[in-house]
Every structure is written in structure tokens, then in C-alpha cells.
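Asks: One file: my_file_0.cif (mmCIF, C-alpha atoms).
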data_coords
#
loop_
_atom_site.label_atom_id
_atom_site.label_comp_id
_atom_site.auth_asym_id
_atom_site.auth_seq_id
_atom_site.Cartn_x
_atom_site.Cartn_y
_atom_site.Cartn_z
CA MET A 1 0.36 45.67 -3.11
CA THR A 2 -0.56 42.86 -0.70
CA LEU A 3 2.27 41.68 1.48
CA SER A 4 2.86 38.00 2.12
CA PRO A 5 1.74 36.91 5.60
CA TYR A 6 5.29 35.74 6.15
CA LEU A 7 6.85 39.16 5.43
CA THR A 8 7.04 40.61 8.90
CA SER A 9 8.96 43.48 10.36
CA GLN A 10 12.53 42.69 11.33
CA SER A 11 13.07 42.05 15.02
CA ASP A 12 16.23 42.84 16.92
CA PRO A 13 17.82 40.40 17.25
CA PRO A 14 16.32 38.56 14.23
CA LEU A 15 14.09 35.61 15.01
CA PRO A 16 15.49 32.19 14.05
CA PRO A 17 14.12 30.89 10.73
CA TRP A 18 12.13 28.07 12.34
CA GLU A 19 10.10 30.73 14.16
CA SER A 20 9.75 33.29 11.41
CA LEU A 21 9.49 31.34 8.15
CA PRO A 22 6.63 29.11 6.96
CA THR A 23 6.64 25.50 8.12
CA MET A 24 6.09 22.22 6.35
CA TYR A 25 2.38 22.63 7.03
CA ASP A 26 2.35 26.08 5.45
CA LEU A 27 4.25 24.86 2.40
CA PRO A 28 2.69 21.51 1.43
CA SER A 29 4.31 19.25 -1.11
CA GLU A 30 1.33 19.34 -3.47
CA ASN A 31 1.53 21.56 -6.50
CA PRO A 32 -1.70 23.61 -6.47
CA GLU A 33 -2.02 22.99 -10.21
CA GLU A 34 -1.78 19.21 -9.78
CA LYS A 35 -3.32 17.96 -6.56
CA GLY A 36 -1.98 14.98 -4.69
CA LEU A 37 1.68 14.92 -5.71
CA PRO A 38 3.59 12.52 -3.42
CA ASP A 39 4.75 13.49 0.04
CA GLU A 40 6.72 11.13 2.29
CA PHE A 41 3.61 9.22 3.37
CA HIS A 42 2.73 8.75 -0.31
CA PHE A 43 6.05 6.90 -0.66
CA LEU A 44 5.98 4.75 2.48
CA GLN A 45 2.34 3.65 2.47
CA PRO A 46 2.35 2.34 -1.13
CA LEU A 47 5.68 0.64 -0.39
CA LEU A 48 4.11 -1.31 2.48
CA LEU A 49 1.21 -2.30 0.23
CA TYR A 50 3.66 -3.37 -2.48
CA LEU A 51 5.75 -5.48 -0.10
CA THR A 52 2.77 -7.29 1.44
CA PHE A 53 0.66 -7.82 -1.70
CA GLN A 54 1.11 -11.60 -2.06
CA PRO A 55 -2.11 -13.15 -3.42
CA ILE A 56 -2.05 -16.82 -2.50
CA ASN A 57 -4.30 -17.77 -5.42
CA TRP A 58 -1.78 -16.58 -8.01
CA LEU A 59 1.80 -17.43 -8.93
CA PRO A 60 4.20 -14.62 -7.93
CA GLU A 61 5.29 -14.16 -11.53
CA LEU A 62 1.66 -13.37 -12.45
CA VAL A 63 1.23 -10.65 -9.83
CA TYR A 64 2.01 -7.01 -10.54
CA SER A 65 1.59 -3.87 -8.47
CA ALA A 66 2.81 -0.30 -8.79
CA ALA A 67 2.64 3.09 -7.12
CA ASP A 68 2.28 6.50 -8.75
CA LEU A 69 2.43 4.99 -12.23
CA ASN A 70 0.45 6.39 -15.16
CA LEU A 71 -2.58 4.21 -15.89
CA TYR A 72 -3.82 4.72 -19.47
CA TYR A 73 -7.40 3.63 -20.01
CA ASP A 74 -9.04 5.10 -23.16
CA LEU A 75 -8.29 4.01 -26.73
CA GLU A 76 -10.08 7.05 -28.12
CA HIS A 77 -8.02 9.37 -25.93
CA PRO A 78 -4.68 7.55 -25.63
CA LEU A 79 -3.01 10.42 -23.76
CA TRP A 80 -5.57 10.43 -20.94
CA TYR A 81 -4.41 8.73 -17.78
CA LYS A 82 -4.94 8.45 -14.04
CA ARG A 83 -2.13 7.98 -11.54
CA PRO A 84 -3.32 5.79 -8.65
CA ASP A 85 -1.35 5.98 -5.44
CA TRP A 86 -1.18 2.17 -5.60
CA PHE A 87 -2.80 -0.54 -7.67
CA GLY A 88 -2.52 -4.32 -7.93
CA VAL A 89 -3.09 -6.62 -10.89
CA VAL A 90 -3.28 -10.40 -11.10
CA GLY A 91 -2.94 -12.53 -14.20
CA VAL A 92 -0.24 -10.45 -15.90
CA SER A 93 3.51 -10.86 -16.06
CA ARG A 94 5.55 -8.81 -13.59
CA LEU A 95 7.50 -7.58 -16.62
CA TYR A 96 6.08 -5.97 -19.74
CA LYS A 97 5.83 -8.76 -22.32
CA GLY A 98 7.96 -10.75 -19.88
CA GLU A 99 11.01 -8.66 -20.72
CA ASP A 100 11.10 -5.13 -19.33
CA LEU A 101 10.08 -2.98 -16.37
CA ARG A 102 6.98 -0.95 -17.16
CA LEU A 103 7.16 2.78 -17.81
CA SER A 104 3.37 2.96 -17.46
CA TYR A 105 0.38 0.62 -17.45
CA VAL A 106 -1.42 0.76 -20.80
CA THR A 107 -4.61 -1.21 -20.41
CA TRP A 108 -5.17 -1.87 -24.11
CA GLN A 109 -1.78 -3.61 -24.28
CA GLU A 110 -2.25 -5.71 -21.15
CA THR A 111 -4.23 -8.89 -20.53
CA ALA A 112 -5.93 -7.63 -17.35
CA ASN A 113 -7.07 -4.40 -15.75
CA PRO A 114 -6.13 -3.59 -12.16
CA PHE A 115 -8.00 -5.70 -9.61
CA VAL A 116 -7.68 -3.29 -6.70
CA VAL A 117 -6.83 0.40 -6.49
CA VAL A 118 -5.87 2.42 -3.40
CA GLU A 119 -6.03 6.20 -3.26
CA LEU A 120 -4.57 8.15 -0.33
CA LEU A 121 -6.49 11.31 0.39
CA SER A 122 -4.59 14.56 0.00
CA PRO A 123 -5.83 18.10 0.57
CA GLY A 124 -7.83 18.96 -2.52
CA THR A 125 -8.38 15.40 -3.81
CA GLU A 126 -11.26 14.29 -1.56
CA ASP A 127 -14.10 15.10 -3.95
CA GLU A 128 -12.59 13.26 -6.91
CA ASP A 129 -11.30 10.28 -4.89
CA LEU A 130 -14.68 9.73 -3.21
CA GLY A 131 -16.77 10.22 -6.35
CA ASN A 132 -18.23 13.57 -5.32
CA LYS A 133 -16.73 15.57 -8.17
CA GLN A 134 -19.07 16.21 -11.08
CA SER A 135 -18.42 13.81 -13.92
CA GLN A 136 -17.79 14.95 -17.46
CA LYS A 137 -20.03 12.19 -18.77
CA ASP A 138 -22.78 13.47 -21.06
CA LYS A 139 -20.70 16.64 -21.65
CA PRO A 140 -18.65 15.70 -24.71
CA SER A 141 -18.22 19.32 -25.69
CA THR A 142 -15.94 19.89 -22.71
CA ASN A 143 -13.51 17.26 -24.00
CA LYS A 144 -12.24 16.78 -20.46
CA PRO A 145 -11.20 13.44 -18.99
CA PRO A 146 -13.64 11.56 -16.74
CA THR A 147 -13.08 11.50 -13.01
CA LYS A 148 -11.12 8.79 -11.22
CA TRP A 149 -14.32 7.31 -9.90
CA GLU A 150 -15.82 7.01 -13.37
CA VAL A 151 -12.63 5.51 -14.80
CA TYR A 152 -12.33 2.91 -12.06
CA GLU A 153 -16.04 2.07 -11.90
CA ARG A 154 -17.40 2.40 -15.43
CA ILE A 155 -14.44 2.18 -17.79
CA LEU A 156 -11.94 -0.22 -16.22
CA ARG A 157 -14.50 -1.85 -13.91
CA ILE A 158 -11.96 -2.40 -11.15
CA PRO A 159 -13.50 -4.79 -8.59
CA TYR A 160 -12.17 -3.11 -5.44
CA TYR A 161 -11.55 0.57 -4.80
CA ILE A 162 -10.08 1.72 -1.47
CA VAL A 163 -9.64 5.27 -0.17
CA PHE A 164 -7.63 5.94 3.01
CA SER A 165 -7.05 9.21 4.85
CA ARG A 166 -4.03 9.46 7.12
CA TYR A 167 -5.45 12.67 8.54
CA THR A 168 -8.58 11.05 9.99
CA ASN A 169 -7.58 7.36 9.75
CA GLU A 170 -10.84 6.78 7.88
CA LEU A 171 -11.04 3.89 5.45
CA HIS A 172 -13.60 3.95 2.63
CA ALA A 173 -13.96 0.75 0.60
CA PHE A 174 -16.08 -0.02 -2.45
CA HIS A 175 -16.83 -3.25 -4.29
CA LEU A 176 -18.09 -3.36 -7.86
CA VAL A 177 -21.56 -4.90 -7.78
CA GLY A 178 -23.77 -4.93 -10.87
CA GLY A 179 -21.56 -2.37 -12.59
CA HIS A 180 -21.65 0.11 -9.70
CA TYR A 181 -19.55 0.64 -6.60
CA GLU A 182 -21.23 -0.34 -3.37
CA PRO A 183 -19.72 0.44 0.06
CA MET A 184 -17.98 -2.49 1.75
CA ASN A 185 -18.32 -3.27 5.42
CA LEU A 186 -15.37 -4.30 7.53
CA ILE A 187 -15.51 -7.87 8.80
CA ASP A 188 -13.55 -8.20 12.04
CA GLY A 189 -11.69 -5.06 11.04
CA LEU A 190 -10.73 -6.38 7.60
CA LEU A 191 -11.85 -6.09 3.99
CA PRO A 192 -11.78 -9.65 2.62
CA MET A 193 -11.03 -10.18 -1.06
CA PRO A 194 -11.51 -13.94 -1.52
CA GLU A 195 -10.55 -13.82 -5.19
CA LEU A 196 -7.02 -12.92 -4.05
CA GLY A 197 -6.98 -15.00 -0.88
CA LEU A 198 -6.20 -11.75 0.98
CA SER A 199 -7.74 -9.15 3.24
CA LEU A 200 -6.90 -5.48 3.50
CA GLY A 201 -6.95 -3.74 6.84
CA LEU A 202 -5.47 -1.16 9.17
CA TRP A 203 -2.48 -2.05 11.33
CA SER A 204 -0.97 -0.04 14.16
CA GLY A 205 2.76 -0.65 14.11
CA SER A 206 6.20 0.50 13.02
CA PHE A 207 7.23 0.48 9.37
CA ARG A 208 10.64 1.80 8.35
CA GLY A 209 10.95 3.21 11.87
CA ILE A 210 7.66 5.14 11.75
CA SER A 211 4.95 4.13 14.21
CA LYS A 212 1.42 4.96 13.09
CA LEU A 213 -1.70 3.43 11.60
CA TRP A 214 -0.89 1.81 8.27
CA LEU A 215 -2.91 0.14 5.54
CA ARG A 216 -1.54 -3.31 4.72
CA TRP A 217 -2.39 -6.80 3.50
CA PHE A 218 -3.45 -9.73 5.68
CA THR A 219 -4.47 -13.30 5.01
CA LEU A 220 -8.19 -14.08 4.90
CA ASP A 221 -7.78 -15.40 8.46
CA GLY A 222 -6.41 -12.06 9.63
CA GLU A 223 -2.74 -13.01 9.87
CA LEU A 224 -0.21 -10.35 8.92
CA ILE A 225 1.62 -10.93 5.67
CA PRO A 226 5.18 -10.02 6.66
CA GLU A 227 7.34 -7.69 4.63
CA PRO A 228 11.03 -8.64 4.17
CA THR A 229 12.45 -6.98 7.29
CA GLU A 230 9.74 -8.63 9.39
CA GLU A 231 10.50 -12.00 7.79
CA ALA A 232 14.19 -11.55 8.65
CA ALA A 233 13.29 -10.68 12.25
CA VAL A 234 11.05 -13.74 12.53
CA ALA A 235 13.79 -15.97 11.08
CA GLN A 236 16.31 -14.56 13.54
CA GLU A 237 13.94 -15.09 16.45
CA ARG A 238 13.33 -18.69 15.38
CA ALA A 239 17.08 -19.28 15.14
CA ILE A 240 17.58 -17.93 18.66
CA VAL A 241 14.78 -20.14 20.03
CA ALA A 242 16.23 -23.18 18.25
CA GLU A 243 19.66 -22.44 19.70
CA GLN A 244 18.21 -22.06 23.19
CA GLU A 245 16.30 -25.34 22.85
CA ALA A 246 19.44 -27.13 21.65
CA THR A 247 21.44 -25.74 24.59
CA GLN A 248 18.73 -26.83 27.03
CA ALA A 249 18.59 -30.30 25.50
CA LYS A 250 22.37 -30.66 25.80
CA ARG A 251 22.29 -29.52 29.42
CA THR A 252 19.46 -31.99 30.20
CA ALA A 253 21.46 -34.83 28.61
CA GLU A 254 24.52 -33.92 30.69
CA ILE A 255 22.48 -33.93 33.91
CA LEU A 256 20.96 -37.31 33.03
CA ALA A 257 24.38 -38.77 32.22
CA GLU A 258 25.78 -37.59 35.54
CA LYS A 259 22.91 -39.21 37.47
CA LEU A 260 23.52 -42.50 35.63
CA ARG A 261 27.19 -42.41 36.60
CA GLN A 262 26.18 -41.88 40.23
CA LEU A 263 24.11 -45.07 39.93
CA GLY A 264 27.10 -46.93 38.56
CA VAL A 265 25.94 -46.90 34.98
CA ASN A 266 28.24 -45.73 32.23
CA PRO A 267 26.00 -43.76 29.81
CA ASP A 268 28.58 -44.19 27.02
CA GLU A 269 28.01 -47.94 27.08
CA LEU A 270 24.24 -47.75 26.78
CA ASP A 271 22.65 -48.82 23.53
CA ASP A 272 21.27 -45.98 21.41
#
Go through the file and emit its structure as C-alpha cells.
Replies:
Amino acid sequence: MTLSPYLTSQSDPPLPPWESLPTMYDLPSENPEEKGLPDEFHFLQPLLLYLTFQPINWLPELVYSAADLNLYYDLEHPLWYKRPDWFGVVGVSRLYKGEDLRLSYVTWQETANPFVVVELLSPGTEDEDLGNKQSQKDKPSTNKPPTKWEVYERILRIPYYIVFSRYTNELHAFHLVGGHYEPMNLIDGLLPMPELGLSLGLWSGSFRGISKLWLRWFTLDGELIPEPTEEAAVAQERAIVAEQEATQAKRTAEILAEKLRQLGVNPDELDD
């Protein structure tokens, strides 16, 4: 019988559990049978993308995005799906048939396929996310689903495909050109998507109290698109500045009035 590497002889006194038991890094969140299940980063990063995805070329009610939602793509195999870490769609109602929150995104019942997909690399998902995993195309006898790359590129023909690794801070971007994904080059540190009026890029800052390098949306000119807490902070700062300016203006008026009185002029009798 092979003993677990974490079954060690008992010390006297016993070691505290944080020294003797496996850590978060020894016990990853991913189920080995289903790679890439969400960890905390897989919640926060898509949330930031969701909050800042505001295409200026589209009405807000015709913009939809989702994270970790089943994306069904094949009429002949209606149970086959992919689950992007985040994807955005334009030209569809935020609600399914304008009435209900979606349980999944079923492409044959929608008016548009996703326009941009983001995958966050997890241990064990690199080959499939980056298109290195062998496709099942031309092997119908296997009856296995195609890879993510093939679904996004050849079946749904999603214009932009982004892969980001929080472990290396590497950003891989692909644009659909002539039916095939071609690598995109950063322009001034951004990935412009003129059809949306947006750019995607990396930002070093604090989100939900966590400071790190994040993937988020910018304008085409490189301005940050604020998420709600940032908008509130900006509004508060503007209110403070306005109050300070009003106080300074009042103080200046009082000083001017006093100088007029010293000159024998009653400021209250002056015409407006």
C-alpha cells in the first residue's frame, strides 16, 4: 500500500495543521475530472469584465455578457456545450426573449453569437484554450465534442478570442480573419475592438480590495471604463471639489466686500 505524502509520523507535540496538512496549493479547486472549475480569481476577473463591458456603439439593453454559463452550439448535438469563463454579445436582449434571465446561452435560439470570448488559463486547460489540443474533426467515429478553439473559430466564428494567464500575466489574443484565428498585436498596450468602440487591456490596480494585474475594458482612446464603485468614488471626489470651490468663492467674495467697505463703498448697494 502506498501512503499519502501527507501521512507523516506523529510528532510530540503534534505539529499545527497549517504546518502538517496540505495547503491551498496542494489541494487546488479544480476537479481533476473537469479541468478549470472556478476558483476565486475565476469569480472576480469575469466580474470586472462584466462591470466594464459597455460598448458605446450599442444600446445597453442590446448588450449581454455572462460568466461560466453553458454555451450550446451544435444543433446536431444539442447537449454539447462549452463554458467560457466570460463572453460578451451585442445585438441581443439582456433578457431571454425580453422576459427572463438566461439559464444558458443556446445559439440556435438567439439572434447573435458571442462577439468576444475570454478564457482564463487554469492548470490543465492550456492546450485546449490555446488550440494545441488535437481536434476531433475528421474523426466522427469518436463521437467526441470539438475543442474550444474549433467551436469558437470554425463553428460559432467568434470575432475575438482572448486567453489570459494570471500565473504568468501573459495575454494571448486572436482575431478571426478569413475564417481563421490570427494573433493580435497590442497597440499601446491595448487590444482595440472598433466594432464595439472598446479596447481590452491589462490594468494594475485594486478591485474588490485585491491589488494585482487585471484584465478590463477601456475606451478606444485608452481611458478606463469605471465600474460602479469607481464611479461612486469619482462622483464623491467631484462633489468635494465643487464644495471646496464654492467655499473659496464665498471667501473671495467676503474679502472683496470688506475691501469695498474700507473704500467707503457699500457692496450691498452695488448693482448686480
Asks: From the options A:Asn132, A:Tyr181, A:Arg251, A:Ile56, which residue's atoms come nearest to Leu198 (chain A), counting all atoms listed in the file?
Replies: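 Looking only at the distances to Leu198 (chain A), the closest residue turns out to be A:Ile56.
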Asks: When you look at Pro46 (chain A) with a cut-off of 8 Å (counting only C-alpha atoms), what residues show up, excluding the ones that are within fewer than 4 positions of it in the same chain? I need them as a list in words.
Replies: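 Contacts, in chain order: His42, Tyr50, Ala67, Asp85 and Trp86 of chain A.
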Asks: With all atoms listed in the file as the atoms that count, which of A:Val151, A:Leu62, A:Val265, A:Leu75 lies nearest to Thr111 (chain A)?
Replies: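 Ranking A:Val151, A:Leu62, A:Val265, A:Leu75 by distance to Thr111 (chain A), first place goes to A:Leu62.
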Asks: Taking all atoms listed in the file into account, name the residue in A:Asn57, A:Gln45, A:Asn266, A:Ser93 that is nearest to Phe164 (chain A).
Replies: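 Closest to Phe164 (chain A), using all atoms listed in the file: A:Gln45.
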Asks: Go ahead and find all residues with at least one atom no further than 6 Å from (-0.8, -2.4, -12.2) in the file's coordinates, using all atoms listed in the file; report them as a PDB file with C-alpha atoms, in the coordinates of the input.
Replies:
ATOM      1  CA  TYR A  64       2.010  -7.010 -10.540  1.00  0.00           C
ATOM      2  CA  SER A  65       1.590  -3.870  -8.470  1.00  0.00           C
ATOM      3  CA  ALA A  66       2.810  -0.300  -8.790  1.00  0.00           C
ATOM      4  CA  PHE A  87      -2.800  -0.540  -7.670  1.00  0.00           C
ATOM      5  CA  GLY A  88      -2.520  -4.320  -7.930  1.00  0.00           C
ATOM      6  CA  VAL A  89      -3.090  -6.620 -10.890  1.00  0.00           C
ATOM      7  CA  PRO A 114      -6.130  -3.590 -12.160  1.00  0.00           C
TER       8      PRO A 114
END
Asks: Counting all atoms listed in the file, figure out which residue out of A:Leu202, A:Val117, A:Leu95, A:Val90 gets nearest to Leu71 (chain A).
Replies: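 Among the listed residues, the smallest separation from Leu71 (chain A) belongs to A:Val117.
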Asks: Identify, on the basis of all atoms listed in the file, every residue whose closest approach to Glu223 (chain A) does not exceed 12 Å; exclude the query and any residue fewer than 6 positions from it along the same chain; express the result as a ChimeraX atom specification.
Replies: /A:52,190,197-201,203,216-217
Asks: Would you mind writing region 167-191 of chain A with N, CA, C and O atoms, as an mmCIF file, keeping the file's coordinate frame?
Replies:
data_model
loop_
_atom_site.group_PDB
_atom_site.id
_atom_site.type_symbol
_atom_site.label_atom_id
_atom_site.label_comp_id
_atom_site.auth_asym_id
_atom_site.auth_seq_id
_atom_site.Cartn_x
_atom_site.Cartn_y
_atom_site.Cartn_z
ATOM 1 N N TYR A 167 -5.126 11.540 7.669
ATOM 2 C CA TYR A 167 -5.450 12.670 8.540
ATOM 3 C C TYR A 167 -6.545 12.289 9.538
ATOM 4 O O TYR A 167 -6.543 12.752 10.677
ATOM 5 N N THR A 168 -7.475 11.465 9.111
ATOM 6 C CA THR A 168 -8.580 11.050 9.990
ATOM 7 C C THR A 168 -8.557 9.560 10.289
ATOM 8 O O THR A 168 -9.361 9.092 11.093
ATOM 9 N N ASN A 169 -7.649 8.817 9.631
ATOM 10 C CA ASN A 169 -7.580 7.360 9.750
ATOM 11 C C ASN A 169 -8.871 6.682 9.299
ATOM 12 O O ASN A 169 -9.187 5.568 9.727
ATOM 13 N N GLU A 170 -9.609 7.352 8.420
ATOM 14 C CA GLU A 170 -10.840 6.780 7.880
ATOM 15 C C GLU A 170 -10.531 5.938 6.641
ATOM 16 O O GLU A 170 -9.714 6.320 5.801
ATOM 17 N N LEU A 171 -11.205 4.807 6.576
ATOM 18 C CA LEU A 171 -11.040 3.890 5.450
ATOM 19 C C LEU A 171 -12.371 3.757 4.736
ATOM 20 O O LEU A 171 -13.373 3.376 5.338
ATOM 21 N N HIS A 172 -12.401 4.106 3.452
ATOM 22 C CA HIS A 172 -13.600 3.950 2.630
ATOM 23 C C HIS A 172 -13.299 2.846 1.600
ATOM 24 O O HIS A 172 -12.283 2.913 0.900
ATOM 25 N N ALA A 173 -14.183 1.875 1.522
ATOM 26 C CA ALA A 173 -13.960 0.750 0.600
ATOM 27 C C ALA A 173 -15.212 0.524 -0.235
ATOM 28 O O ALA A 173 -16.337 0.623 0.261
ATOM 29 N N PHE A 174 -14.976 0.191 -1.512
ATOM 30 C CA PHE A 174 -16.080 -0.020 -2.450
ATOM 31 C C PHE A 174 -15.816 -1.275 -3.276
ATOM 32 O O PHE A 174 -14.684 -1.545 -3.683
ATOM 33 N N HIS A 175 -16.894 -2.023 -3.506
ATOM 34 C CA HIS A 175 -16.830 -3.250 -4.290
ATOM 35 C C HIS A 175 -17.759 -3.095 -5.483
ATOM 36 O O HIS A 175 -18.885 -2.629 -5.332
ATOM 37 N N LEU A 176 -17.279 -3.480 -6.649
ATOM 38 C CA LEU A 176 -18.090 -3.360 -7.860
ATOM 39 C C LEU A 176 -19.173 -4.434 -7.862
ATOM 40 O O LEU A 176 -18.887 -5.638 -7.900
ATOM 41 N N VAL A 177 -20.414 -3.994 -7.805
ATOM 42 C CA VAL A 177 -21.560 -4.900 -7.780
ATOM 43 C C VAL A 177 -22.554 -4.438 -8.842
ATOM 44 O O VAL A 177 -23.046 -3.314 -8.787
ATOM 45 N N GLY A 178 -22.827 -5.285 -9.823
ATOM 46 C CA GLY A 178 -23.770 -4.930 -10.870
ATOM 47 C C GLY A 178 -23.356 -3.702 -11.661
ATOM 48 O O GLY A 178 -24.217 -2.941 -12.123
ATOM 49 N N GLY A 179 -22.063 -3.503 -11.811
ATOM 50 C CA GLY A 179 -21.560 -2.370 -12.590
ATOM 51 C C GLY A 179 -21.442 -1.079 -11.824
ATOM 52 O O GLY A 179 -21.073 -0.052 -12.414
ATOM 53 N N HIS A 180 -21.739 -1.099 -10.500
ATOM 54 C CA HIS A 180 -21.650 0.110 -9.700
ATOM 55 C C HIS A 180 -20.925 -0.174 -8.397
ATOM 56 O O HIS A 180 -20.998 -1.287 -7.862
ATOM 57 N N TYR A 181 -20.234 0.819 -7.874
ATOM 58 C CA TYR A 181 -19.550 0.640 -6.600
ATOM 59 C C TYR A 181 -20.535 0.716 -5.448
ATOM 60 O O TYR A 181 -21.342 1.640 -5.351
ATOM 61 N N GLU A 182 -20.445 -0.294 -4.590
ATOM 62 C CA GLU A 182 -21.230 -0.340 -3.370
ATOM 63 C C GLU A 182 -20.268 -0.320 -2.186
ATOM 64 O O GLU A 182 -19.222 -0.972 -2.226
ATOM 65 N N PRO A 183 -20.606 0.402 -1.115
ATOM 66 C CA PRO A 183 -19.720 0.440 0.060
ATOM 67 C C PRO A 183 -19.529 -0.963 0.640
ATOM 68 O O PRO A 183 -20.454 -1.771 0.680
ATOM 69 N N MET A 184 -18.304 -1.230 1.092
ATOM 70 C CA MET A 184 -17.980 -2.490 1.750
ATOM 71 C C MET A 184 -17.962 -2.288 3.255
ATOM 72 O O MET A 184 -17.544 -1.236 3.740
ATOM 73 N N ASN A 185 -18.388 -3.288 3.974
ATOM 74 C CA ASN A 185 -18.320 -3.270 5.420
ATOM 75 C C ASN A 185 -17.114 -4.072 5.899
ATOM 76 O O ASN A 185 -16.795 -5.139 5.334
ATOM 77 N N LEU A 186 -16.469 -3.571 6.933
ATOM 78 C CA LEU A 186 -15.370 -4.300 7.530
ATOM 79 C C LEU A 186 -15.903 -5.552 8.233
ATOM 80 O O LEU A 186 -16.954 -5.511 8.878
ATOM 81 N N ILE A 187 -15.182 -6.642 8.100
ATOM 82 C CA ILE A 187 -15.510 -7.870 8.800
ATOM 83 C C ILE A 187 -14.351 -8.179 9.745
ATOM 84 O O ILE A 187 -13.239 -8.490 9.289
ATOM 85 N N ASP A 188 -14.611 -8.047 11.042
ATOM 86 C CA ASP A 188 -13.550 -8.200 12.040
ATOM 87 C C ASP A 188 -12.381 -7.267 11.746
ATOM 88 O O ASP A 188 -11.209 -7.638 11.891
ATOM 89 N N GLY A 189 -12.707 -6.067 11.292
ATOM 90 C CA GLY A 189 -11.690 -5.060 11.040
ATOM 91 C C GLY A 189 -10.967 -5.208 9.719
ATOM 92 O O GLY A 189 -10.000 -4.477 9.461
ATOM 93 N N LEU A 190 -11.427 -6.121 8.858
ATOM 94 C CA LEU A 190 -10.730 -6.380 7.600
ATOM 95 C C LEU A 190 -11.691 -6.299 6.415
ATOM 96 O O LEU A 190 -12.907 -6.436 6.563
ATOM 97 N N LEU A 191 -11.108 -6.077 5.249
ATOM 98 C CA LEU A 191 -11.850 -6.090 3.990
ATOM 99 C C LEU A 191 -11.434 -7.330 3.207
ATOM 100 O O LEU A 191 -10.402 -7.333 2.528
#
